[in-house]
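> Quick one: the structure is below, questions incoming.
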Amino acid sequence: MRKIALILMLSLTMMVMVACGRTSLSTNRSTSSMPSSLSSTQQTRGDAALNAERLTPEQTAALVLYYRDAHMPGANDYDYSADMENNDQGATVKIYDKGAVPWGEGPSAKPYPKGAKVLYTIKLTSASDKDGDRLNSTYYTIVGNKVYYANSSNGIRKTGVTLAEMVTYAKTHGEVNRVLKVAKNTQIIDMRGKVTLTDKDGLTTQQLGTLVALLKNPDWFKNEVQNGEMYYGTHYGYGETADYQYVTTQGDPTSYIWFKRKGNDVTIKMIEPTENQSVTGAPMTTTHTTVTNLINNYYTSEDQQDEVNTYADQLKAEP
């Protein structure tokens, strides 16, 4: 009888252990599946937040940047929009009248789609050092329900894409959060009615004034821009420089650099007294340069363009 009881106790113990093991295995499987479930939930929430019928202007711009990058030549080999994942990434969006887009900001070939009135530009606020592997800016216009964005030849695509198509693409490829992340930290600057071009090539008064100042007195110019004391004007109004544009700190005549463009030629006038001359007794000097020379020296590389455009954006219109 003792042997029978012992055998029964051992059998009961083994059954309990097996049951416990199954419970533990079930618990572990349930626990290991939780992170995947949370990730799926987060993705679902992100997908719901990007709705083609309720896109904000910031979301639209970020979406266009992502979609354009994903459809550029080489996109199968490079993740052109990877910088959208950078910490605290954001962007600046500018809105221009179609006929007043600054040089270097929009398409060099300008056959806009019929009905286009404005051009949008977007540029990420921070970029990686992987030059060429990232495309962190673009431009686009919207006509009806279609977006026409930059092509690979500095022009605008002839065929448009609906925002609904773009949203579907982002969701299908699991990149909705990339778009929302940039949109969250995007600022929009409306430049319509604020840009005066100096010629058909698209250089604005601010850009050309910056280039001229970098040629004639770069240290003074940069310092006064940094201090918030540099202004620009499109028409001086009287005297020898009556129809000239200018940059100035609004001081005496030595605080002005006047310039006038005619085609490729730029005439520059300044008051530059010698050591023994007073300001009132100093003659006005006249020099000449060309737009080509200014661009070649100060507006060729991407870093140079960023520098010039940053200065130009900080110039204040003289009241």
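Letters A, B, ... mark the chains of the structure tokens in the order given; residue numbers begin at 1 per chain; ligand numbers begin at 1, in order shown.
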Which residues are near range 211-213 of chain A? Cut-off 8 Å, only C-alpha atoms, ignore same chain within fewer than 3 positions. Put them as a count of residues only.
14
> Excluding Glu175 in chain A and residues on its chain fewer than 6 positions from it, collect all residues at most 12 Å away from it, counting only C-alpha atoms, and give them as a ChimeraX atom specification.
/A:43-44,46-47,50,62-63,66-67,70,79,81-82,84-85,166-169,181-182
> Could you write out that same residue set with N, CA and C atoms as a CSV table (one decimal), in the first residue's frame?

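Okay, result-v5.csv is ready:
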chain,number,residue,atom,x,y,z
A,43,GLN,N,1.5,52.9,-34.7
A,43,GLN,CA,1.5,53.1,-36.1
A,43,GLN,C,0.1,53.4,-36.6
A,44,THR,N,-0.9,52.7,-36.0
A,44,THR,CA,-2.3,53.0,-36.3
A,44,THR,C,-2.7,54.4,-36.0
A,46,GLY,N,-0.7,57.0,-35.7
A,46,GLY,CA,-0.1,57.9,-36.7
A,46,GLY,C,-0.8,57.9,-38.0
A,47,ASP,N,-1.2,56.7,-38.5
A,47,ASP,CA,-1.9,56.7,-39.8
A,47,ASP,C,-3.2,57.5,-39.7
A,50,LEU,N,-2.8,61.3,-40.1
A,50,LEU,CA,-2.5,61.8,-41.4
A,50,LEU,C,-3.6,61.5,-42.3
A,62,ALA,N,5.5,68.6,-45.5
A,62,ALA,CA,6.4,67.5,-45.1
A,62,ALA,C,6.0,66.3,-45.9
A,63,LEU,N,4.8,66.1,-46.2
A,63,LEU,CA,4.4,64.9,-47.0
A,63,LEU,C,4.9,65.0,-48.4
A,66,TYR,N,8.7,64.2,-48.3
A,66,TYR,CA,8.9,62.7,-48.2
A,66,TYR,C,8.6,62.0,-49.5
A,67,TYR,N,7.5,62.3,-50.1
A,67,TYR,CA,7.0,61.7,-51.3
A,67,TYR,C,8.0,61.9,-52.5
A,70,ALA,N,11.2,60.0,-52.1
A,70,ALA,CA,11.0,58.6,-52.4
A,70,ALA,C,10.8,58.2,-53.8
A,79,ASP,N,18.2,56.3,-48.9
A,79,ASP,CA,17.0,56.8,-48.1
A,79,ASP,C,17.1,58.3,-48.1
A,81,SER,N,15.2,60.7,-47.6
A,81,SER,CA,14.5,61.5,-46.6
A,81,SER,C,14.8,61.1,-45.2
A,82,ALA,N,16.0,60.4,-45.0
A,82,ALA,CA,16.4,59.9,-43.7
A,82,ALA,C,16.5,61.0,-42.7
A,84,MET,N,14.7,63.3,-42.0
A,84,MET,CA,13.4,63.7,-41.4
A,84,MET,C,13.3,63.0,-40.0
A,85,GLU,N,14.1,62.0,-39.8
A,85,GLU,CA,14.1,61.3,-38.5
A,85,GLU,C,15.0,61.9,-37.5
A,166,MET,N,-0.5,60.5,-52.1
A,166,MET,CA,0.7,60.6,-51.2
A,166,MET,C,0.5,60.0,-49.8
A,167,VAL,N,-0.6,60.3,-49.3
A,167,VAL,CA,-0.9,59.8,-47.9
A,167,VAL,C,-0.9,58.2,-47.9
A,168,THR,N,-1.6,57.7,-49.0
A,168,THR,CA,-1.6,56.2,-49.1
A,168,THR,C,-0.2,55.6,-49.2
A,169,TYR,N,0.6,56.3,-50.0
A,169,TYR,CA,2.0,55.8,-50.2
A,169,TYR,C,2.8,55.8,-48.8
A,181,LYS,N,6.4,64.0,-37.7
A,181,LYS,CA,7.5,64.6,-36.9
A,181,LYS,C,8.0,65.9,-37.4
A,182,VAL,N,8.2,66.0,-38.7
A,182,VAL,CA,8.7,67.2,-39.3
A,182,VAL,C,7.6,68.3,-39.3
> I'd like the contact shell of range 107-109 of chain A - 8 Å cut-off, only C-alpha atoms, skipping same-chain residues fewer than 5 positions apart - returned as a list in words.
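Here the qualifying residues turn out to be Tyr139, Ala150, Asn154, Gly155 and Ile156 of chain A.
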> Keeping only C-alpha atoms, write those residues as a PDB file, in the first residue's frame.

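Contents of out.pdb, freshly written:
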ATOM      1  CA  TYR A 139       9.527  73.131 -54.038  1.00  0.00           C
ATOM      2  CA  ALA A 150      10.347  69.402 -58.340  1.00  0.00           C
ATOM      3  CA  ASN A 154      15.467  71.745 -61.646  1.00  0.00           C
ATOM      4  CA  GLY A 155      12.029  72.026 -63.182  1.00  0.00           C
ATOM      5  CA  ILE A 156       8.503  71.012 -62.190  1.00  0.00           C
TER       6      ILE A 156
END
> Would you mind listing what lies within 10 Å of Tyr236 in chain A as a list of chain:residue names, with only C-alpha atoms counted and same-chain residues fewer than 5 positions away left out?
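Near Tyr236 in chain A, the qualifying residues are A:Thr241, A:Ala242, A:Asp243, A:Tyr244, A:Gln245, A:Tyr246, A:Trp258.
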> Mind the document's chain letters and residue numbers, and return as an MDAnalysis selection string the residues of range 41-288 of chain A that DSSP labels helix (DSSP H, G or I).
chainID A and resid 41:49 57:70 82:85 163:172 176:184 205:216 218:226 239:241 253:255
> Tell me which protein, DNA and RNA residues are within 9 Å of Gln314 in chain A, counting only C-alpha atoms, leaving out same-chain ones fewer than 4 positions away, and put them as an MDAnalysis selection string.
chainID A and resid 206 225:226 228 230:231 309:310
> Pick out the residues sitting within 12 Å of range 279-286 of chain A, and hand them over as a PyMOL selection string; count only C-alpha atoms, and ignore anything fewer than 5 positions along from it in its own chain.
chain A and resi 216+239-241+251-260+266-274
> Restricting the calculation to only C-alpha atoms: of A:Tyr112, A:Ile189, A:Thr287, A:Gly106, which residue gets closest to Pro57 in chain A?
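Going through A:Tyr112, A:Ile189, A:Thr287, A:Gly106 one by one, the smallest distance to Pro57 in chain A is for A:Ile189.
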> Using only C-alpha atoms, which residues sit within 12 Å of Pro73 in chain A once same-chain residues fewer than 2 positions away are excluded, as a ChimeraX atom specification?
/A:68-71,75-80,133,135,151-153
> Hey, can you spit out that residue selection with all heavy atoms as a tab-separated table (two decimals), in the first residue's frame?

chain	number	residue	atom	x	y	z
A	68	ARG	N	8.38	63.20	-52.63
A	68	ARG	CA	9.33	63.55	-53.70
A	68	ARG	C	10.63	62.78	-53.54
A	68	ARG	O	11.17	62.21	-54.49
A	68	ARG	CB	9.59	65.06	-53.69
A	68	ARG	CG	10.34	65.65	-54.90
A	68	ARG	CD	11.79	65.27	-55.04
A	68	ARG	NE	12.59	65.60	-53.88
A	68	ARG	CZ	13.39	66.65	-53.80
A	68	ARG	NH1	13.52	67.46	-54.80
A	68	ARG	NH2	14.11	66.85	-52.69
A	69	ASP	N	11.17	62.76	-52.31
A	69	ASP	CA	12.43	62.05	-52.06
A	69	ASP	C	12.32	60.57	-52.42
A	69	ASP	O	13.26	59.98	-52.94
A	69	ASP	CB	12.84	62.20	-50.60
A	69	ASP	CG	13.32	63.60	-50.27
A	69	ASP	OD1	13.40	64.43	-51.20
A	69	ASP	OD2	13.61	63.87	-49.09
A	70	ALA	N	11.16	59.98	-52.12
A	70	ALA	CA	10.97	58.55	-52.36
A	70	ALA	C	10.80	58.22	-53.84
A	70	ALA	O	10.85	57.04	-54.22
A	70	ALA	CB	9.76	58.05	-51.59
A	71	HIS	N	10.60	59.23	-54.68
A	71	HIS	CA	10.38	58.99	-56.11
A	71	HIS	C	11.46	59.63	-56.99
A	71	HIS	O	11.27	59.73	-58.21
A	71	HIS	CB	9.00	59.52	-56.51
A	71	HIS	CG	7.87	58.68	-55.99
A	71	HIS	ND1	7.44	58.77	-54.67
A	71	HIS	CD2	7.11	57.72	-56.57
A	71	HIS	CE1	6.45	57.91	-54.49
A	71	HIS	NE2	6.23	57.26	-55.61
A	75	ALA	N	16.34	56.39	-55.50
A	75	ALA	CA	15.64	56.20	-54.23
A	75	ALA	C	15.66	54.75	-53.76
A	75	ALA	O	15.52	54.48	-52.57
A	75	ALA	CB	14.20	56.70	-54.34
A	76	ASN	N	15.84	53.82	-54.68
A	76	ASN	CA	15.92	52.41	-54.29
A	76	ASN	C	17.23	52.09	-53.57
A	76	ASN	O	17.32	51.11	-52.82
A	76	ASN	CB	15.79	51.51	-55.52
A	76	ASN	CG	14.39	51.52	-56.10
A	76	ASN	OD1	13.41	51.77	-55.39
A	76	ASN	ND2	14.28	51.27	-57.40
A	77	ASP	N	18.24	52.93	-53.80
A	77	ASP	CA	19.56	52.69	-53.19
A	77	ASP	C	19.83	53.59	-51.99
A	77	ASP	O	20.67	53.27	-51.15
A	77	ASP	CB	20.67	52.90	-54.23
A	77	ASP	CG	20.52	51.95	-55.41
A	77	ASP	OD1	20.26	50.76	-55.18
A	77	ASP	OD2	20.65	52.41	-56.57
A	78	TYR	N	19.16	54.75	-51.92
A	78	TYR	CA	19.42	55.71	-50.85
A	78	TYR	C	18.11	56.13	-50.19
A	78	TYR	O	17.09	56.32	-50.86
A	78	TYR	CB	20.11	56.97	-51.39
A	78	TYR	CG	21.45	56.71	-52.02
A	78	TYR	CD1	21.59	56.66	-53.41
A	78	TYR	CD2	22.60	56.51	-51.24
A	78	TYR	CE1	22.82	56.42	-54.00
A	78	TYR	CE2	23.83	56.28	-51.82
A	78	TYR	CZ	23.93	56.23	-53.20
A	78	TYR	OH	25.15	55.99	-53.78
A	79	ASP	N	18.17	56.28	-48.89
A	79	ASP	CA	17.01	56.79	-48.14
A	79	ASP	C	17.15	58.31	-48.09
A	79	ASP	O	17.63	58.89	-47.13
A	79	ASP	CB	17.00	56.20	-46.73
A	79	ASP	CG	15.75	56.59	-45.96
A	79	ASP	OD1	14.89	57.30	-46.54
A	79	ASP	OD2	15.63	56.22	-44.78
A	80	TYR	N	16.72	58.97	-49.16
A	80	TYR	CA	16.93	60.41	-49.30
A	80	TYR	C	16.28	61.23	-48.19
A	80	TYR	O	16.75	62.32	-47.86
A	80	TYR	CB	16.38	60.89	-50.65
A	80	TYR	CG	17.18	60.47	-51.86
A	80	TYR	CD1	16.55	59.96	-52.99
A	80	TYR	CD2	18.57	60.57	-51.88
A	80	TYR	CE1	17.27	59.58	-54.12
A	80	TYR	CE2	19.30	60.19	-52.99
A	80	TYR	CZ	18.65	59.70	-54.11
A	80	TYR	OH	19.38	59.32	-55.21
A	133	ASP	N	23.49	61.99	-50.37
A	133	ASP	CA	22.65	60.86	-49.97
A	133	ASP	C	21.34	61.32	-49.34
A	133	ASP	O	20.50	60.50	-49.01
A	133	ASP	CB	23.39	59.98	-48.96
A	133	ASP	CG	24.59	59.29	-49.58
A	133	ASP	OD1	24.72	59.36	-50.81
A	133	ASP	OD2	25.39	58.69	-48.83
A	135	LEU	N	18.18	64.39	-49.54
A	135	LEU	CA	17.55	65.48	-50.27
A	135	LEU	C	16.64	66.19	-49.28
A	135	LEU	O	15.56	65.71	-48.97
A	135	LEU	CB	16.75	64.94	-51.46
A	135	LEU	CG	17.57	64.17	-52.50
A	135	LEU	CD1	16.65	63.59	-53.57
A	135	LEU	CD2	18.62	65.06	-53.14
A	151	ASN	N	11.22	68.18	-60.23
A	151	ASN	CA	11.76	66.99	-60.87
A	151	ASN	C	13.28	66.97	-60.69
A	151	ASN	O	13.84	67.78	-59.96
A	151	ASN	CB	11.37	66.95	-62.36
A	151	ASN	CG	11.88	68.16	-63.14
A	151	ASN	OD1	12.87	68.79	-62.76
A	151	ASN	ND2	11.21	68.46	-64.24
A	152	SER	N	13.95	66.05	-61.34
A	152	SER	CA	15.39	65.89	-61.16
A	152	SER	C	16.20	66.82	-62.06
A	152	SER	O	17.42	66.75	-62.09
A	152	SER	CB	15.80	64.44	-61.44
A	152	SER	OG	15.42	64.05	-62.75
A	153	SER	N	15.52	67.71	-62.79
A	153	SER	CA	16.21	68.62	-63.72
A	153	SER	C	15.98	70.08	-63.39
A	153	SER	O	15.99	70.95	-64.28
A	153	SER	CB	15.75	68.32	-65.16
A	153	SER	OG	15.96	66.96	-65.50
> Find the residue from A:Glu229, A:Asp201, A:Glu58, A:Glu53 that sits nearest to Ile188 in chain A; use only C-alpha atoms when measuring.
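Checking each of A:Glu229, A:Asp201, A:Glu58, A:Glu53 against Ile188 in chain A, counting only C-alpha atoms, the winner is A:Glu58.
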> By how many Å are CA of Tyr120 in chain A and CA of Ser137 in chain A apart?
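Pair CA of Tyr120 in chain A / CA of Ser137 in chain A returns 10.8 Å.
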